[in-house]
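Everything on this sheet refers to the single structure shown next.
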Amino acid sequence: MKSLLTKAIQVRELSIILLMVIYFLFVGSINSEFTSADTIVLLLNGSIILLILAIGQSFVLLTSNIDVSVGSIMGLSAAVCGTLLTSGANLGFVICIVICVGAGIGLINGIGVSYLKVPAIIMTLGMLGVVRGIMLLYTKGMWIEDIPNYYKKFARLEVWSIPLPIWIGALLIFISYLFLSKTKFGRYFYAVGDNADGAELVGLPVNIVKVLAYILSGISASIASLIYVMNIGFVTNQTGSGIELQVIAAAVLGGVSLSGGIGSVVGAGLGAIFFTVINSSLVYMKMPAYWNSAISGLLLLLIVVGDSQFQKRLKRGAHKNLKKLSQKKITLEESEHEKQTKALT
Amino acid sequence: MKSKLKRLLKWELFLFVFLIGELLFFSMLTPGFLNLQNLLFSMNDFAYIGLAAIPMTFVIITGGIDVSVGSIMGLASITIGVLWMGGLNVWIALIIALFICALAGLLNGLIVAFTDVQPLVVTLGTMFLFAGIALVISGGSSATGYEGISGFPNSFVQIANGITFGLPNSMWLMLFILLFFGGLLHLTKYGRNVYLVGINSKAAKYSGIATKWIVLSTYILAGLGGGISGAILTSYFSSARSDLGTQAILPVITAVVLGGTSILGGRGTVLGTAIASIVVGMMNYGLQLSGMPSEQTTIVVGVMLIVAVLMRQIDLSYVKKLFYKKKVPRTKMVIKI
Amino acid sequence: MGDECLLEIKDLHKQFNGNHVLLGVNFALKKGEIYAMVGGNGAGKSTLMKIITGLYKADSGEMLIKRKAVRFSSPSDAHKHGIYLVPQEPLIFPNMTIEENITIGLKGKLKEQRTKILKVIERVRWDIDINQLGLSLSIAEQQLVEILRGLVRDAQILILDEPTSTLTNNEIDSLFDNIKQLSDNGIGIIYITHRFSEIFMLSHSVAVLRDGKISAQGPISEFTYERLLDGLVPADMKLNLLKENKRDSSTLNESKNKFVEQIGKPILKVDSLCGKKFQHISFSVHEGEVLGIAGVVGAGRTEIAEAIYGIEPYESGTIELNGTTIKRLSIKKIINLGMAYVPEDRHAHGIFRITSVRKNITSTLLHRLQGIFISSKEEDTITMKYVDDLKIKTDGTNQELSDLSGGNQQKVVLAKYLATEPKVIILDEPTRGIDASARADIYRIINQLKEKGLAVLLISSDSEEIVELSDRVLVIHEGVIEKEIRKGQISVDSITSAAFGIKKEVLS
């Protein structure tokens with residue numbers, strides 16, 4: 001039984017669900033409103049943007065890189081989306097352009113990191129500034145309002161009483177999961193993050209994988225912006241600003257390792273939901289709003305530090321097994337090898 | 001010594017020339033830009049960059065990074081404001097604020113030095129945490145973060161706005177920080193240890209250097225730098241806000257990297273960071289003066305950051321070829337059985 | 001072994017920035033042939049292999065696979081032509097299963113690949129669970145996975161780079177059986193090694209690479225140990241080496257005649273030390289004594305040294321330094337108590353590459369200098385003293401360490417530890433990868449240290465070096481002291497046999 005439990009914990013995704021349920025019930029005991037069906041739907045809805053961003057970030061994290069420019073990409077994409085919609089452009093056209101914006105910036109990030117060898121934090125930090133500036137230039141500092149109603153209605157479009165944004169999120173998780181775990185190319189992301197030298201030696205296109213990861217991260221930011229505009233209905237100066245930390249927190253919470261090679265998009269999605277649950281729960285527990293940041297920050301630190309200690313312990317466990325195995329192999333009898341060496345000298 | 005000096009001066013010289021170029025460029029955009037008085041006083045505007053970047057250099061030399069410095073600036077600011085509003089003498093409030101910032105740096109340092117978590121992630125987390133704490137402090141005192149606390153005594157406001165012996169105070173402060181930290185890094189045993197840890201932390205360990213404590217101390221310094229920087233900004237604007245430093249991280253890191261400090265560790269100078277801080281600050285200032293809104297100058301700074309790193313990579317190999325003749329050792333093998 | 005030629009290399013040249021590594025290599029591998037390749041550091045072995053496996057491109061010369069001329073631009077090119085390199089340090093994905101490790105990058109359906117893997121495993125009769133995770137594998141198992149990678153890619157030519165350096169005896173047996181099997185199946189194998197015994201046990205032919213050329217090659221039947229040695233070290237060089245060493249030992253003998261040989265009291269006492277890779281290690285070292293620690297790579301000697309020095313923790317036992325019991329002390333304290341350890345891996349643990357000679361040498365001493373500021377005069381005095389004493393060839397104390405040759409880099413590391421004025425110094429492979437004259441210098445230095453009354457622990461995989469320098473020898477085999485050899489009985493044979501765990505001594 002004990003080993004089953006440890007195995008369950010080792011399957012990160014299950015342990016998150018377990019933790020989430022426990023936390024959920026805990027908050028529910030303080031404020032019963034929290035566990036109502038309405039709240040749950042509200043929570044899911046509220047977590048979609050973070051979820052989609054976390055999916056994109058996972059691709060980058062898996063390859064052992066990081067992308068802190070996603071907030072700015074989301075902001076710029078939202079601005080483009082807003083202005084195009086308000087000028088009456090065709091919906092399909094708008095979606096295309098917005099996704100191209102994200103993909104394009106992702107491409108620039110990817111080229112900088114993999115071909116020009118700029119460290120990921122520097123490249124994406126620089127782009128954070130550049131893209132934010134471009135956005136402000138583009139919008140001339142003004143908010144974008146008057147988003148056409150038909151678009152805003154999408155947020156409330158329900159299929160089987162589940163709103164459209166949740167369907168989009170679920171679809172993205174599903175596609176990403178299939179891609180990463182079932183296709184050959186998807187596995188390359190894990191390989192590159194797990195051992196980049198090994199990946200190169202086996203003949204994998206390491207640079208292309210890294211660039212693709214950034215493109216996917218950029219696209220996820222664009223899709224998130226589409227949902228944002230749908231949900232919120234207007235675009236401000238600060239749209240997306242500061243969300244990058246929450247995205248990374250969500251992914252790490254969901255078991256995506258910062259050193260690469262470990263984790264799944266399902267985990268990242270669950271992490272995003274859990275993170276939103278924690279944030280929202282503070283309100284239900286009558287905590288004043290300005291405590292949010294501090295507590296989230298503290299939680300992130302605890303999670304990240306705890307995660308690294310956990311991984312250390314896992315590795316030590318694996319090595320203990322290793323030691324037992326190799327000790328069995330050392331026998332006391334003279335081996336064939338020794339006999340031959342003797343015969344030679 | 002000669003070759004090292006050559007390489008050293010080459011980069012700092014380049015930065016200095018670039019700075020002159022900037023000044024000339026902006027003087028073309030804005031008439032009357034080259035007024036010496038105005039230029040000197042413009043330093044008040046961007047002294048905060050250098051004040052935070054110079055101690056940050058220590059952190060980056062050890063191969064780490066601290067992105068929480070912006071939040072620490074806000075923490076310093078709001079602490080001064082709230083304590084002063086609560087009746088405490090503004091100077092004592094300042095000292096307490098600096099102490100709290102050093103503690104913040106200590107937290108960063110402890111986690112980075114004693115766990116395996118990457119400095120980037122740790123400081124991303126503390127960035128959030130410190131910003132949150134600053135918010136709590138401001139919220140808890142029912143001072144709205146939007147307006148900020150104001151009405152500071154003149155003596156305090158004069159730190160960032162006043163003149164001493166004909167030069168703006170910020171300049172004196174920058175000079176002092178430059179000399180103090182420059183001396184610390186380049187002349188003391190401690191500074192030498194910081195370099196050694198950054199060049200090869202394992203070799204440092206084998207050599208008996210207390211690597212963990214050295215790393216930890218650099219984060220405390222960076223925290224202090226954030227505190228000083230935040231205090232100066234508070235004095236400059238005569239307003240204490242918890243979100244004072246949110247946009248600061250980009251110019252500060254740009255200044256350090258542009259100043260010649262390698263993001264991989266082991267290389268960097270305080271002088272380089274100082275000149276680069278002025279370069280970055282002047283860029284911001286000049287662009288604003290010529291009409292560009294401050295948010296948009298972030299594009300330029302962002303580009304500068306990326307270009308600075310790229311240039312360092314190319315520059316290093318080029319410089320090597322120019323100044324050093326590679327010795328080709330003819331190694332003979334050893335008989336091993 | 002068939003007659004079909006799998007691989008032919010004609011007149012291969014390669015240089016890096018003016019450094020000529022390969023100066024015209026000619027080589028041919030037949031179907032099913034096991035070809036051993038020997039050569040020292042810097043001889044060009046790894047460069048040659050990297051060209052064959054597509055990581056580098058040759059400057060000139062030809063490479064033919066099955067009589068067709070080829071030129072590879074990447075490892076996957078080489079794979080397509082049936083060449084696979086099993087690196088000395090296997091590059092395994094720790095968080096993936098063995099199956100994923102093998103199949104990643106392959107074309108074709110996963111199910112087909114799995115069947116193929118299982119077939120190959122069956123063919124070579126290995127006992128391995130393809131669902132195991134990479135990080136739970138021993139080095140030996142990782143090597144097997146690398147070999148499997150090659151086989152599943154239908155490799156016809158396998159290159160094994162020093163495969164036995166980290167294996168236990170039984171694992172080596174297994175490996176050799178497998179290699180012979182592969183050869184029976186027609187696969188050509190290039191086997192890079194520095195172990196003569198393995199060459200004679202395993203290979204059909206051998207080639208000796210020296211200074212970028214093949215200095216001797218042919219069927220193994222035409223070779224003896226001596227001929228191999230001749231190929232590795234030219235006769236006159238060997239003579240010079242012997243002459244220089246004789247010269248030093250003759251001066252040593254002279255001084256020995258002048259003074260009574262002084263081996264003083266024990267400075268370092270180790271009692272029943274147990275750790276992860278060693279058990280029940282007990283010995284002592286005396287003032288003025290050179291204690292050689294011999295054994296094969298992986299026997300656990302560095303682990304013992306690092307435990308004594310305090311870098312790694314140990315499980316039980318006591319260590320006494322100059323009368324003081326030391327346990328869990330900081331490295332700085334241990335240095336202050338009089339012990340120094342010159343690390344095995346000077347690149348990773350010894351040198352500060354991008355800074356000056358001066359700063360390297362004083363890196364262990366900073367806390368002993370006066371005041372908070374560093375006096376450059378004081379620094380220079382110390383640095384110059386050791387540059388002179390150890391004859392470090394440098395343009396000046398400010399020269400960057402990366403510009404120095406391997407031998408001089410090693411001297412700098414030696415200098416920085418000698419500058420702490422230790423009573424015990426542990427040298428871990430001090431002459432690995434350095435040129436002959438620097439090596440002679442270091443031998444001279446070791447003898448001088450002995451004369452000064454230092455206790456020296458000399459860890460070396462070079463049996464001749466141990467014979468040359470030691471007063472007493474401990475041979476470590478798989479983590480335990482296999483044998484202690486006293487003066488008068490120290491010989492290459494006695495050391496080698498104990499290093500391989502052979503109980504009885506073999507007289508040559």
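Naming works like this for the structure tokens: A, B, ... for the chains as they're shown, residue 1 at the start of each chain, ligands 1 onward in shown order.
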Do a neighbour search on Leu51 of chain B at 9 Å with only C-alpha atoms, toss out local chain neighbours closer than 3 positions, and write the hits as a VMD selection string. chain B and resid 47 to 48 54 to 55 173 to 174 177 to 178 225 to 226 228 to 229 232 274 277
Those same residues, written as a CSV table (one decimal), in the first residue's frame with C-alpha atoms?
chain,number,residue,atom,x,y,z
B,47,ALA,CA,20.9,57.7,-10.9
B,48,TYR,CA,18.7,55.0,-9.6
B,54,ILE,CA,26.5,48.4,-9.3
B,55,PRO,CA,25.8,46.0,-6.4
B,173,LEU,CA,26.1,59.5,-4.4
B,174,MET,CA,26.9,57.7,-7.6
B,177,ILE,CA,28.9,54.0,-4.6
B,178,LEU,CA,31.3,53.6,-7.5
B,225,GLY,CA,21.5,48.4,-3.8
B,226,GLY,CA,17.8,48.1,-4.4
B,228,ILE,CA,19.4,52.7,-1.8
B,229,SER,CA,18.0,53.0,-5.3
B,232,ILE,CA,16.7,57.9,-3.9
B,274,ALA,CA,28.7,52.6,-13.9
B,277,SER,CA,24.2,52.9,-16.3
Can you tell me, as an NGL selection string, which residues in segment 234-458 of chain C count as helix (DSSP H, G or I) by DSSP? :C and (235-258 or 301-309 or 331-337 or 346-350 or 357-364 or 366-368 or 376-389 or 401-403 or 406-418 or 436-452)
Which residues come within 6 Å of segment 12-27 of chain B, counting only C-alpha atoms, excluding same-chain residues fewer than 5 positions away, as a PyMOL selection string? chain B and resi 33-34+272+279+286
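Proximity to Ile166 of chain A at 9 Å, evaluated using only C-alpha atoms and with sequence-adjacent residues fewer than 3 positions away removed, yields A:Leu44, A:Asn45, A:Ser47, A:Ile48, A:Ile162, A:Pro163, A:Gly169, A:Ala170, A:Leu171.
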Mind writing the picked residues with N, CA and C atoms as a short mmCIF file (atom, residue, chain, number, x, y, z; two decimals), in the first residue's frame?
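And here is the file that came out, selection_21.cif:
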data_model
loop_
_atom_site.label_atom_id
_atom_site.label_comp_id
_atom_site.auth_asym_id
_atom_site.auth_seq_id
_atom_site.Cartn_x
_atom_site.Cartn_y
_atom_site.Cartn_z
N LEU A 44 -12.99 27.66 -13.19
CA LEU A 44 -12.43 27.09 -14.41
C LEU A 44 -12.29 28.17 -15.47
N ASN A 45 -13.37 28.94 -15.61
CA ASN A 45 -13.35 30.01 -16.59
C ASN A 45 -12.20 30.97 -16.35
N SER A 47 -9.47 30.44 -14.99
CA SER A 47 -8.13 29.88 -15.09
C SER A 47 -7.70 29.61 -16.52
N ILE A 48 -8.64 29.81 -17.46
CA ILE A 48 -8.34 29.42 -18.85
C ILE A 48 -7.15 30.16 -19.43
N ILE A 162 -21.20 24.16 -20.97
CA ILE A 162 -19.81 24.52 -20.65
C ILE A 162 -19.40 25.62 -21.62
N PRO A 163 -18.90 26.75 -21.06
CA PRO A 163 -18.59 27.88 -21.92
C PRO A 163 -17.47 27.59 -22.92
N GLY A 169 -9.69 25.65 -24.14
CA GLY A 169 -8.59 25.22 -23.27
C GLY A 169 -8.42 23.71 -23.29
N ALA A 170 -9.56 23.02 -23.16
CA ALA A 170 -9.49 21.56 -23.13
C ALA A 170 -8.93 21.01 -24.44
N LEU A 171 -9.40 21.60 -25.54
CA LEU A 171 -8.93 21.15 -26.85
C LEU A 171 -7.42 21.33 -26.98
#
Segment 106-112 of chain C environment, 10 Å, only C-alpha atoms, sequence neighbours closer than 6 positions dropped, as a PyMOL selection string: (chain A and resi 182-184+202-204) or (chain C and resi 99-100+149+152-153)
Just list as a list in words whatever in segment 38-186 of chain A DSSP marks as strand (DSSP E). Glu158, Val159, Ile162 and Pro163 of chain A
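Put simply, atom CA of Leu233 of chain B is 12.3 Å away from atom CA of Ile72 of chain B.
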Per-residue nearest contacts of chain A to chain B (9 Å; only C-alpha atoms) as CSV:
residue,atom,partner,partner_atom,distance
A:Gly112,CA,B:Ile306,CA,8.6
A:Leu116,CA,B:Leu310,CA,7.5
A:Lys117,CA,B:Leu310,CA,8.3
A:Val118,CA,B:Leu310,CA,6.7
A:Pro119,CA,B:Ile263,CA,8.1
A:Ile121,CA,B:Leu120,CA,8.1
A:Ile122,CA,B:Ile306,CA,6.8
A:Met123,CA,B:Ile306,CA,6.0
A:Thr124,CA,B:Ile306,CA,9.0
A:Leu125,CA,B:Leu250,CA,7.2
A:Gly126,CA,B:Gly302,CA,4.1
A:Met127,CA,B:Gly302,CA,6.1
A:Leu128,CA,B:Gly302,CA,7.3
A:Gly129,CA,B:Gly302,CA,4.9
A:Val130,CA,B:Ile299,CA,3.7
A:Val131,CA,B:Ile299,CA,6.9
A:Arg132,CA,B:Ile299,CA,7.2
A:Gly133,CA,B:Gln296,CA,4.4
A:Ile134,CA,B:Ile299,CA,6.7
A:Met135,CA,B:Gln296,CA,8.6
A:Leu136,CA,B:Gln296,CA,6.5
A:Leu137,CA,B:Gln296,CA,6.4
A:Gly141,CA,B:Glu295,CA,8.6
A:Leu245,CA,B:Leu124,CA,6.6
A:Ile248,CA,B:Val121,CA,8.8
A:Ala249,CA,B:Gly125,CA,8.3
A:Leu258,CA,B:Gln118,CA,8.5
A:Ser259,CA,B:Gln118,CA,8.9
A:Pro288,CA,B:Gly139,CA,8.9
A:Tyr290,CA,B:Val136,CA,5.7
A:Trp291,CA,B:Val136,CA,5.8
A:Asn292,CA,B:Gly132,CA,7.0
A:Ser293,CA,B:Gly132,CA,4.3
A:Ala294,CA,B:Gly132,CA,3.7
A:Ile295,CA,B:Leu129,CA,7.1
A:Ser296,CA,B:Leu129,CA,7.2
A:Gly297,CA,B:Leu129,CA,4.1
A:Leu298,CA,B:Leu129,CA,5.7
A:Leu299,CA,B:Gly125,CA,8.7
A:Leu300,CA,B:Gly125,CA,6.0
A:Leu301,CA,B:Gly125,CA,5.4
A:Val304,CA,B:Val117,CA,7.3
A:Val305,CA,B:Val117,CA,6.4
A:Asp307,CA,B:Val117,CA,9.0
A:Ser308,CA,B:Val117,CA,6.3
A:Gln309,CA,B:Thr115,CA,7.6
A:Lys312,CA,B:Asp116,CA,8.7
Got time to write the residues from that selection, N, CA and C atoms, as a compact mmCIF listing (two decimals), in the first residue's frame?
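Output file result.txt is given in full below:
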# COMPACT_ATOMS: atom_id res chain seq x y z
N GLY A 112 17.00 33.86 -31.43
CA GLY A 112 17.97 34.46 -30.52
C GLY A 112 18.57 33.46 -29.56
N LEU A 116 21.63 32.28 -32.05
CA LEU A 116 22.56 33.33 -31.65
C LEU A 116 23.11 33.10 -30.25
N LYS A 117 22.63 32.05 -29.60
CA LYS A 117 23.15 31.63 -28.30
C LYS A 117 23.01 32.70 -27.23
N VAL A 118 22.00 33.57 -27.32
CA VAL A 118 21.73 34.51 -26.25
C VAL A 118 21.03 33.73 -25.13
N PRO A 119 21.46 33.89 -23.88
CA PRO A 119 20.78 33.15 -22.81
C PRO A 119 19.29 33.45 -22.78
N ILE A 121 16.99 33.86 -20.57
CA ILE A 121 16.42 34.89 -19.71
C ILE A 121 16.67 36.27 -20.30
N ILE A 122 17.85 36.47 -20.86
CA ILE A 122 18.17 37.78 -21.42
C ILE A 122 17.32 38.05 -22.66
N MET A 123 17.26 37.06 -23.54
CA MET A 123 16.53 37.26 -24.79
C MET A 123 15.08 37.59 -24.51
N THR A 124 14.44 36.77 -23.66
CA THR A 124 13.02 36.98 -23.45
C THR A 124 12.77 38.19 -22.55
N LEU A 125 13.72 38.53 -21.68
CA LEU A 125 13.57 39.74 -20.87
C LEU A 125 13.66 40.96 -21.78
N GLY A 126 14.60 40.95 -22.68
CA GLY A 126 14.73 42.05 -23.64
C GLY A 126 13.47 42.18 -24.48
N MET A 127 12.99 41.03 -24.97
CA MET A 127 11.80 41.06 -25.80
C MET A 127 10.58 41.52 -25.01
N LEU A 128 10.58 41.20 -23.70
CA LEU A 128 9.49 41.68 -22.85
C LEU A 128 9.37 43.19 -22.99
N GLY A 129 10.52 43.86 -22.90
CA GLY A 129 10.52 45.32 -23.01
C GLY A 129 10.17 45.78 -24.41
N VAL A 130 10.81 45.13 -25.39
CA VAL A 130 10.59 45.55 -26.77
C VAL A 130 9.13 45.41 -27.17
N VAL A 131 8.55 44.26 -26.89
CA VAL A 131 7.18 44.01 -27.32
C VAL A 131 6.19 44.89 -26.58
N ARG A 132 6.44 45.09 -25.27
CA ARG A 132 5.57 45.98 -24.50
C ARG A 132 5.62 47.38 -25.11
N GLY A 133 6.81 47.81 -25.47
CA GLY A 133 6.95 49.13 -26.08
C GLY A 133 6.23 49.23 -27.41
N ILE A 134 6.37 48.17 -28.23
CA ILE A 134 5.69 48.16 -29.52
C ILE A 134 4.19 48.25 -29.32
N MET A 135 3.72 47.53 -28.30
CA MET A 135 2.27 47.55 -28.04
C MET A 135 1.81 48.97 -27.72
N LEU A 136 2.58 49.65 -26.85
CA LEU A 136 2.19 50.99 -26.46
C LEU A 136 2.28 51.95 -27.63
N LEU A 137 3.26 51.72 -28.47
CA LEU A 137 3.39 52.54 -29.68
C LEU A 137 2.17 52.35 -30.56
N GLY A 141 -0.87 54.36 -26.43
CA GLY A 141 -1.11 54.48 -25.01
C GLY A 141 -2.57 54.45 -24.60
N LEU A 245 5.18 35.50 -14.36
CA LEU A 245 5.56 34.75 -13.17
C LEU A 245 4.51 33.72 -12.80
N ILE A 248 4.79 30.67 -15.04
CA ILE A 248 5.87 29.76 -14.65
C ILE A 248 5.49 29.02 -13.37
N ALA A 249 4.87 29.77 -12.45
CA ALA A 249 4.45 29.13 -11.20
C ALA A 249 3.48 28.00 -11.48
N LEU A 258 11.96 22.88 -14.19
CA LEU A 258 12.63 24.03 -14.79
C LEU A 258 13.92 23.64 -15.47
N SER A 259 14.44 22.45 -15.14
CA SER A 259 15.69 22.05 -15.79
C SER A 259 15.42 21.25 -17.05
N PRO A 288 -8.09 40.38 2.71
CA PRO A 288 -8.11 41.61 1.90
C PRO A 288 -7.31 41.42 0.61
N TYR A 290 -5.19 42.98 -1.08
CA TYR A 290 -3.78 43.28 -1.25
C TYR A 290 -2.86 42.24 -0.62
N TRP A 291 -3.41 41.19 -0.04
CA TRP A 291 -2.57 40.11 0.45
C TRP A 291 -2.26 39.10 -0.65
N ASN A 292 -3.02 39.18 -1.73
CA ASN A 292 -2.90 38.19 -2.81
C ASN A 292 -1.49 37.94 -3.29
N SER A 293 -0.87 39.05 -3.71
CA SER A 293 0.47 38.94 -4.28
C SER A 293 1.43 38.28 -3.32
N ALA A 294 1.41 38.77 -2.08
CA ALA A 294 2.37 38.27 -1.10
C ALA A 294 2.20 36.78 -0.89
N ILE A 295 0.95 36.36 -0.73
CA ILE A 295 0.71 34.94 -0.46
C ILE A 295 1.06 34.10 -1.68
N SER A 296 0.66 34.58 -2.86
CA SER A 296 0.99 33.81 -4.06
C SER A 296 2.49 33.69 -4.22
N GLY A 297 3.18 34.78 -3.98
CA GLY A 297 4.63 34.76 -4.09
C GLY A 297 5.23 33.77 -3.10
N LEU A 298 4.75 33.81 -1.88
CA LEU A 298 5.25 32.90 -0.86
C LEU A 298 4.98 31.46 -1.27
N LEU A 299 3.76 31.22 -1.76
CA LEU A 299 3.40 29.87 -2.19
C LEU A 299 4.31 29.39 -3.31
N LEU A 300 4.54 30.27 -4.28
CA LEU A 300 5.41 29.88 -5.39
C LEU A 300 6.78 29.49 -4.89
N LEU A 301 7.33 30.30 -3.99
CA LEU A 301 8.64 29.98 -3.45
C LEU A 301 8.63 28.62 -2.77
N VAL A 304 8.41 25.87 -5.41
CA VAL A 304 9.63 25.67 -6.19
C VAL A 304 10.73 25.04 -5.36
N VAL A 305 10.90 25.54 -4.14
CA VAL A 305 11.94 24.97 -3.27
C VAL A 305 11.58 23.53 -2.92
N ASP A 307 9.75 21.48 -4.59
CA ASP A 307 9.89 20.66 -5.78
C ASP A 307 11.33 20.23 -5.98
N SER A 308 12.27 21.15 -5.80
CA SER A 308 13.66 20.79 -6.04
C SER A 308 14.16 19.81 -4.99
N GLN A 309 13.73 19.97 -3.74
CA GLN A 309 14.14 19.02 -2.71
C GLN A 309 13.53 17.66 -2.99
N LYS A 312 15.42 15.97 -5.66
CA LYS A 312 16.70 15.48 -5.11
C LYS A 312 16.50 14.15 -4.44
Given a cut-off of 6 Å, which residues of chain C touch chain A, counting only C-alpha atoms, written out as an MDAnalysis selection string? chainID C and resid 75:76 91 93 136 173
Put those residues in a file: C-alpha atoms, as a compact mmCIF listing (two decimals), in the first residue's frame.
# COMPACT_ATOMS: atom_id res chain seq x y z
CA PRO C 75 26.10 12.25 -36.89
CA SER C 76 22.87 11.25 -38.58
CA LEU C 91 24.76 10.15 -23.27
CA PHE C 93 18.28 10.61 -21.32
CA SER C 136 18.38 4.12 -12.69
CA ASP C 173 33.51 -10.16 -19.14
Mind checking which residues fall within 7 Å of segment 265-281 of chain A, counting only C-alpha atoms, ignoring those fewer than 2 positions away in the same chain, and posting them as a tab-separated table (two decimals) with C-alpha atoms, in the first residue's frame?
chain	number	residue	atom	x	y	z
A	13	GLU	CA	-0.59	14.89	-12.08
A	20	MET	CA	-6.43	20.47	-5.08
A	27	VAL	CA	-11.64	26.30	1.94
A	43	LEU	CA	-12.95	29.18	-11.29
A	44	LEU	CA	-12.43	27.09	-14.41
A	47	SER	CA	-8.13	29.88	-15.09
A	50	LEU	CA	-3.37	31.06	-17.34
A	51	LEU	CA	-3.93	27.51	-18.51
A	54	ALA	CA	1.04	27.48	-19.15
A	55	ILE	CA	0.65	25.01	-22.02
A	58	SER	CA	5.61	24.02	-20.94
A	173	ILE	CA	-4.48	20.49	-23.77
A	176	SER	CA	-0.66	19.31	-27.08
A	177	TYR	CA	-0.75	16.15	-25.04
A	250	ALA	CA	1.52	27.24	-12.67
A	251	ALA	CA	3.75	25.09	-14.85
A	253	LEU	CA	3.21	23.56	-9.72
A	254	GLY	CA	1.99	21.12	-12.35
A	255	GLY	CA	5.23	19.20	-12.34
A	256	VAL	CA	7.04	20.73	-15.29
A	263	GLY	CA	6.48	17.19	-17.01
A	283	VAL	CA	-11.21	36.27	-1.38
A	284	TYR	CA	-13.58	33.63	-0.13
A	285	MET	CA	-11.58	33.40	3.06
A	292	ASN	CA	-2.90	38.19	-2.81
A	296	SER	CA	0.99	33.81	-4.06
List every residue of chain C that has an atom at most 6 Å from any atom of chain B, giving for each one its closest atom pair and the distance in Å to one decimal, counting only C-alpha atoms, sorted by chain and then by ascending residue number, as JSON lines.
{"residue": "C:Gly40", "atom": "CA", "partner": "B:Met333", "partner_atom": "CA", "distance": 4.2}
{"residue": "C:Asn41", "atom": "CA", "partner": "B:Met333", "partner_atom": "CA", "distance": 5.1}
{"residue": "C:Gly42", "atom": "CA", "partner": "B:Thr331", "partner_atom": "CA", "distance": 5.9}
{"residue": "C:Arg195", "atom": "CA", "partner": "B:Ile337", "partner_atom": "CA", "distance": 5.6}
{"residue": "C:Ile331", "atom": "CA", "partner": "B:Gly208", "partner_atom": "CA", "distance": 4.7}
{"residue": "C:Lys332", "atom": "CA", "partner": "B:Gly208", "partner_atom": "CA", "distance": 4.2}
{"residue": "C:His349", "atom": "CA", "partner": "B:Ala203", "partner_atom": "CA", "distance": 4.2}
{"residue": "C:Gly350", "atom": "CA", "partner": "B:Ala203", "partner_atom": "CA", "distance": 5.1}
{"residue": "C:Phe352", "atom": "CA", "partner": "B:Asn200", "partner_atom": "CA", "distance": 5.9}
{"residue": "C:Thr364", "atom": "CA", "partner": "B:Ser207", "partner_atom": "CA", "distance": 5.0}
{"residue": "C:Ile372", "atom": "CA", "partner": "B:Thr188", "partner_atom": "CA", "distance": 5.5}
{"residue": "C:Phe373", "atom": "CA", "partner": "B:Thr188", "partner_atom": "CA", "distance": 4.2}
{"residue": "C:Ile374", "atom": "CA", "partner": "B:Thr188", "partner_atom": "CA", "distance": 5.5}
{"residue": "C:Asn398", "atom": "CA", "partner": "B:Met1", "partner_atom": "CA", "distance": 5.8}
{"residue": "C:Ser405", "atom": "CA", "partner": "B:Pro329", "partner_atom": "CA", "distance": 5.3}
{"residue": "C:Ile434", "atom": "CA", "partner": "B:Thr331", "partner_atom": "CA", "distance": 5.9}
{"residue": "C:Asp435", "atom": "CA", "partner": "B:Thr331", "partner_atom": "CA", "distance": 4.5}
{"residue": "C:Asp462", "atom": "CA", "partner": "B:Lys336", "partner_atom": "CA", "distance": 4.8}
For the residues in the current selection, export C-alpha atoms as a tab-separated table (two decimals), in the first residue's frame.
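Once written, selection_14.tsv looks like this:
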chain	number	residue	atom	x	y	z
C	40	GLY	CA	48.13	8.70	-25.85
C	41	ASN	CA	46.52	12.02	-25.05
C	42	GLY	CA	46.74	14.39	-27.94
C	195	ARG	CA	44.81	-1.28	-21.67
C	331	ILE	CA	37.97	22.85	3.48
C	332	LYS	CA	39.56	26.05	4.71
C	349	HIS	CA	38.15	21.48	-10.01
C	350	GLY	CA	41.62	22.91	-10.18
C	352	PHE	CA	40.41	29.28	-12.69
C	364	THR	CA	44.03	29.40	-1.52
C	372	ILE	CA	41.18	43.52	3.85
C	373	PHE	CA	42.96	44.84	0.79
C	374	ILE	CA	45.13	42.68	-1.39
C	398	ASN	CA	49.29	38.17	-15.36
C	405	SER	CA	49.96	24.37	-21.68
C	434	ILE	CA	50.80	16.75	-19.78
C	435	ASP	CA	53.97	16.68	-21.87
C	462	ASP	CA	50.41	5.04	-14.36
